[in-house]
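Enquirer: Attaching a single structure in structure tokens format; questions to follow.
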Amino acid sequence: MSSELREQFFTSIVHFRKLESTFSSECEMQMNEMVILQSIAGTCCKECPCMNLDVPKMQKKLNISKPAISYILNTLEKKKYITREIDAKDRRKVSISATPEGKAAAEQSKKKFDELWDEILTRFGEDNMRELLRLMRDLDELYATLCNEK
């Protein structure tokens, strides 16, 4: 039973990655890029005046490093979705803003994500989703504990 369970777990992880890959290709950007762009463009939530990117908060939310965020910002800048300017008063600060193309891409990706989310939630059920998320959090915490022990 143990090897069968392990195989099912591995297969499920691969399927989750495929789900992200499918979504990313549909939205023409990676999930992390979408989350960061939506935060910069202010389209990440209804009550969101979050036009400034809170890098530590984003690191925690996405569970990625500061260099990974820098890489994503470089990618978004190459796609002409954002611009970065050095603050004239404090050269240590960089102002990041979404371009019109970036705002349109953020809105389009949010629309596609919302449509996909609504369909998943309708078919899977809210109670099932809450239970899945609870179990995933528990598994994530266990994994973090195991990593810290090593």
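Chain labels run A, B, ... following the order of the structure tokens; each chain numbers its residues from 1, and ligands are numbered from 1 in the order shown.
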I want to know what sits within 12 Å of Arg84 (chain A), based on only C-alpha atoms, with residues of the same chain fewer than 2 positions away left out; could you give that as a VMD selection string?
Expert: chain A and resid 40 52 to 53 70 73 to 74 76 to 78 80 to 82 86 to 87 93 to 99
Enquirer: For region 4-61 of chain A versus region 112-122 of chain A, which residues have an atom no more than 10 Å away, and what is each residue's nearest atom pair and distance in Å rounded to one decimal, using only C-alpha atoms, chain-then-number order, as JSON lines?
Expert:
```
{"residue": "A:Phe23", "atom": "CA", "partner": "A:Phe113", "partner_atom": "CA", "distance": 7.8}
{"residue": "A:Ser24", "atom": "CA", "partner": "A:Phe113", "partner_atom": "CA", "distance": 9.7}
{"residue": "A:Glu26", "atom": "CA", "partner": "A:Lys112", "partner_atom": "CA", "distance": 8.0}
{"residue": "A:Cys27", "atom": "CA", "partner": "A:Lys112", "partner_atom": "CA", "distance": 7.0}
{"residue": "A:Met31", "atom": "CA", "partner": "A:Phe113", "partner_atom": "CA", "distance": 9.8}
{"residue": "A:Met34", "atom": "CA", "partner": "A:Phe113", "partner_atom": "CA", "distance": 9.7}
```
Enquirer: Which residues in chain A does DSSP call alpha helix (DSSP H)? List them as a PyMOL selection string.
Expert: chain A and resi 2-27+31-41+55-62+66-78+100-124+126-149
Enquirer: Would you save the residues of that selection, restricted to C-alpha atoms, as an mmCIF file, in the first residue's frame?
Expert:
```cif
data_model
loop_
_atom_site.group_PDB
_atom_site.id
_atom_site.type_symbol
_atom_site.label_atom_id
_atom_site.label_comp_id
_atom_site.auth_asym_id
_atom_site.auth_seq_id
_atom_site.Cartn_x
_atom_site.Cartn_y
_atom_site.Cartn_z
ATOM 1 C CA SER A 2 2.802 2.417 0.853
ATOM 2 C CA SER A 3 4.380 2.382 -2.624
ATOM 3 C CA GLU A 4 0.947 2.730 -4.262
ATOM 4 C CA LEU A 5 0.140 5.718 -2.046
ATOM 5 C CA ARG A 6 3.532 7.263 -2.811
ATOM 6 C CA GLU A 7 2.920 6.848 -6.547
ATOM 7 C CA GLN A 8 -0.530 8.449 -6.282
ATOM 8 C CA PHE A 9 0.964 11.365 -4.325
ATOM 9 C CA PHE A 10 3.673 11.879 -6.945
ATOM 10 C CA THR A 11 1.115 11.710 -9.771
ATOM 11 C CA SER A 12 -1.088 14.274 -8.013
ATOM 12 C CA ILE A 13 1.835 16.698 -7.677
ATOM 13 C CA VAL A 14 2.613 16.322 -11.378
ATOM 14 C CA HIS A 15 -1.029 17.001 -12.226
ATOM 15 C CA PHE A 16 -1.031 20.163 -10.098
ATOM 16 C CA ARG A 17 2.040 21.348 -11.977
ATOM 17 C CA LYS A 18 0.294 20.636 -15.287
ATOM 18 C CA LEU A 19 -2.700 22.663 -14.088
ATOM 19 C CA GLU A 20 -0.426 25.620 -13.386
ATOM 20 C CA SER A 21 1.321 25.155 -16.739
ATOM 21 C CA THR A 22 -1.991 25.067 -18.609
ATOM 22 C CA PHE A 23 -3.194 28.178 -16.842
ATOM 23 C CA SER A 24 0.128 29.963 -17.448
ATOM 24 C CA SER A 25 0.024 29.278 -21.178
ATOM 25 C CA GLU A 26 -3.594 30.464 -21.367
ATOM 26 C CA CYS A 27 -2.705 33.717 -19.578
ATOM 27 C CA MET A 31 1.539 32.338 -11.994
ATOM 28 C CA ASN A 32 4.197 34.243 -10.016
ATOM 29 C CA GLU A 33 4.401 36.881 -12.757
ATOM 30 C CA MET A 34 0.616 37.216 -12.705
ATOM 31 C CA VAL A 35 0.449 37.683 -8.925
ATOM 32 C CA ILE A 36 3.218 40.288 -8.918
ATOM 33 C CA LEU A 37 1.847 42.155 -11.955
ATOM 34 C CA GLN A 38 -1.645 42.220 -10.479
ATOM 35 C CA SER A 39 -0.213 43.611 -7.249
ATOM 36 C CA ILE A 40 1.637 46.367 -9.111
ATOM 37 C CA ALA A 41 -1.341 47.157 -11.358
ATOM 38 C CA VAL A 55 8.677 42.607 -1.623
ATOM 39 C CA PRO A 56 8.862 40.820 1.778
ATOM 40 C CA LYS A 57 5.098 40.215 1.728
ATOM 41 C CA MET A 58 5.308 38.923 -1.847
ATOM 42 C CA GLN A 59 8.249 36.660 -0.929
ATOM 43 C CA LYS A 60 6.172 35.101 1.829
ATOM 44 C CA LYS A 61 3.014 34.824 -0.289
ATOM 45 C CA LEU A 62 4.795 33.132 -3.197
ATOM 46 C CA LYS A 66 14.229 38.218 -3.305
ATOM 47 C CA PRO A 67 16.410 37.371 -6.354
ATOM 48 C CA ALA A 68 13.474 35.408 -7.797
ATOM 49 C CA ILE A 69 11.264 38.491 -7.442
ATOM 50 C CA SER A 70 13.960 40.579 -9.139
ATOM 51 C CA TYR A 71 14.054 38.055 -11.974
ATOM 52 C CA ILE A 72 10.263 38.250 -12.360
ATOM 53 C CA LEU A 73 10.393 42.061 -12.358
ATOM 54 C CA ASN A 74 13.064 41.925 -15.087
ATOM 55 C CA THR A 75 10.837 39.588 -17.109
ATOM 56 C CA LEU A 76 7.805 41.865 -16.692
ATOM 57 C CA GLU A 77 9.925 44.847 -17.712
ATOM 58 C CA LYS A 78 11.163 43.034 -20.849
ATOM 59 C CA PRO A 100 -1.026 50.383 -20.057
ATOM 60 C CA GLU A 101 -0.051 47.018 -21.596
ATOM 61 C CA GLY A 102 0.728 45.690 -18.115
ATOM 62 C CA LYS A 103 -2.594 46.853 -16.722
ATOM 63 C CA ALA A 104 -4.419 45.206 -19.636
ATOM 64 C CA ALA A 105 -2.438 41.964 -19.158
ATOM 65 C CA ALA A 106 -3.159 42.028 -15.403
ATOM 66 C CA GLU A 107 -6.874 42.523 -15.990
ATOM 67 C CA GLN A 108 -6.992 39.809 -18.663
ATOM 68 C CA SER A 109 -5.106 37.286 -16.506
ATOM 69 C CA LYS A 110 -7.335 38.091 -13.526
ATOM 70 C CA LYS A 111 -10.433 37.579 -15.670
ATOM 71 C CA LYS A 112 -9.175 34.207 -16.935
ATOM 72 C CA PHE A 113 -8.110 33.136 -13.446
ATOM 73 C CA ASP A 114 -11.481 34.151 -11.972
ATOM 74 C CA GLU A 115 -13.335 32.186 -14.672
ATOM 75 C CA LEU A 116 -11.194 29.110 -14.033
ATOM 76 C CA TRP A 117 -11.534 29.475 -10.253
ATOM 77 C CA ASP A 118 -15.325 29.813 -10.449
ATOM 78 C CA GLU A 119 -15.566 26.673 -12.585
ATOM 79 C CA ILE A 120 -13.262 24.679 -10.287
ATOM 80 C CA LEU A 121 -15.125 25.804 -7.170
ATOM 81 C CA THR A 122 -18.522 25.051 -8.722
ATOM 82 C CA ARG A 123 -17.519 21.544 -9.788
ATOM 83 C CA PHE A 124 -15.319 20.631 -6.809
ATOM 84 C CA GLU A 126 -16.603 24.834 -1.492
ATOM 85 C CA ASP A 127 -16.424 22.312 1.359
ATOM 86 C CA ASN A 128 -14.074 20.067 -0.609
ATOM 87 C CA MET A 129 -11.888 23.071 -1.481
ATOM 88 C CA ARG A 130 -11.668 24.183 2.155
ATOM 89 C CA GLU A 131 -10.689 20.660 3.209
ATOM 90 C CA LEU A 132 -8.111 20.381 0.411
ATOM 91 C CA LEU A 133 -6.576 23.720 1.387
ATOM 92 C CA ARG A 134 -6.466 22.719 5.055
ATOM 93 C CA LEU A 135 -4.714 19.464 4.177
ATOM 94 C CA MET A 136 -2.270 21.241 1.860
ATOM 95 C CA ARG A 137 -1.394 23.742 4.622
ATOM 96 C CA ASP A 138 -0.819 20.859 7.044
ATOM 97 C CA LEU A 139 1.402 19.108 4.522
ATOM 98 C CA ASP A 140 3.310 22.327 3.830
ATOM 99 C CA GLU A 141 3.905 22.865 7.552
ATOM 100 C CA LEU A 142 5.074 19.256 7.955
ATOM 101 C CA TYR A 143 7.462 19.634 5.030
ATOM 102 C CA ALA A 144 8.849 22.889 6.460
ATOM 103 C CA THR A 145 9.400 21.160 9.805
ATOM 104 C CA LEU A 146 11.190 18.246 8.143
ATOM 105 C CA CYS A 147 13.405 20.639 6.185
ATOM 106 C CA ASN A 148 14.295 22.579 9.338
ATOM 107 C CA GLU A 149 15.215 19.369 11.142
#
```
Enquirer: Among the residues of chain A, find those DSSP assigns to strand (DSSP E) from the backbone and print them as number ranges by chain.
Expert: A: 82-86, 94-98
Enquirer: Could you take the residues named above and write them with N, CA and C atoms, as a PDB file, in the first residue's frame?
Expert:
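So the final result, stored in again04.pdb, reads:
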```pdb
ATOM      1  N   ILE A  82       5.805  46.591 -17.053  1.00  0.00           N
ATOM      2  CA  ILE A  82       6.115  47.508 -15.950  1.00  0.00           C
ATOM      3  C   ILE A  82       7.255  48.435 -16.346  1.00  0.00           C
ATOM      4  N   THR A  83       7.354  49.532 -15.606  1.00  0.00           N
ATOM      5  CA  THR A  83       8.517  50.415 -15.708  1.00  0.00           C
ATOM      6  C   THR A  83       9.062  50.604 -14.297  1.00  0.00           C
ATOM      7  N   ARG A  84      10.353  50.829 -14.216  1.00  0.00           N
ATOM      8  CA  ARG A  84      10.992  51.086 -12.924  1.00  0.00           C
ATOM      9  C   ARG A  84      11.766  52.393 -13.033  1.00  0.00           C
ATOM     10  N   GLU A  85      11.583  53.228 -12.012  1.00  0.00           N
ATOM     11  CA  GLU A  85      12.294  54.507 -11.976  1.00  0.00           C
ATOM     12  C   GLU A  85      12.884  54.702 -10.596  1.00  0.00           C
ATOM     13  N   ILE A  86      14.093  55.260 -10.562  1.00  0.00           N
ATOM     14  CA  ILE A  86      14.749  55.557  -9.285  1.00  0.00           C
ATOM     15  C   ILE A  86      14.143  56.830  -8.717  1.00  0.00           C
ATOM     16  N   VAL A  94      13.084  52.421  -5.541  1.00  0.00           N
ATOM     17  CA  VAL A  94      12.710  52.279  -6.945  1.00  0.00           C
ATOM     18  C   VAL A  94      11.186  52.246  -7.025  1.00  0.00           C
ATOM     19  N   SER A  95      10.654  53.094  -7.875  1.00  0.00           N
ATOM     20  CA  SER A  95       9.210  53.129  -8.091  1.00  0.00           C
ATOM     21  C   SER A  95       8.883  52.192  -9.252  1.00  0.00           C
ATOM     22  N   ILE A  96       7.942  51.298  -9.005  1.00  0.00           N
ATOM     23  CA  ILE A  96       7.527  50.341 -10.031  1.00  0.00           C
ATOM     24  C   ILE A  96       6.083  50.638 -10.393  1.00  0.00           C
ATOM     25  N   SER A  97       5.813  50.785 -11.688  1.00  0.00           N
ATOM     26  CA  SER A  97       4.426  51.004 -12.102  1.00  0.00           C
ATOM     27  C   SER A  97       4.106  50.170 -13.329  1.00  0.00           C
ATOM     28  N   ALA A  98       2.832  49.855 -13.445  1.00  0.00           N
ATOM     29  CA  ALA A  98       2.357  49.081 -14.596  1.00  0.00           C
ATOM     30  C   ALA A  98       2.151  50.013 -15.780  1.00  0.00           C
TER      31      ALA A  98
END
```
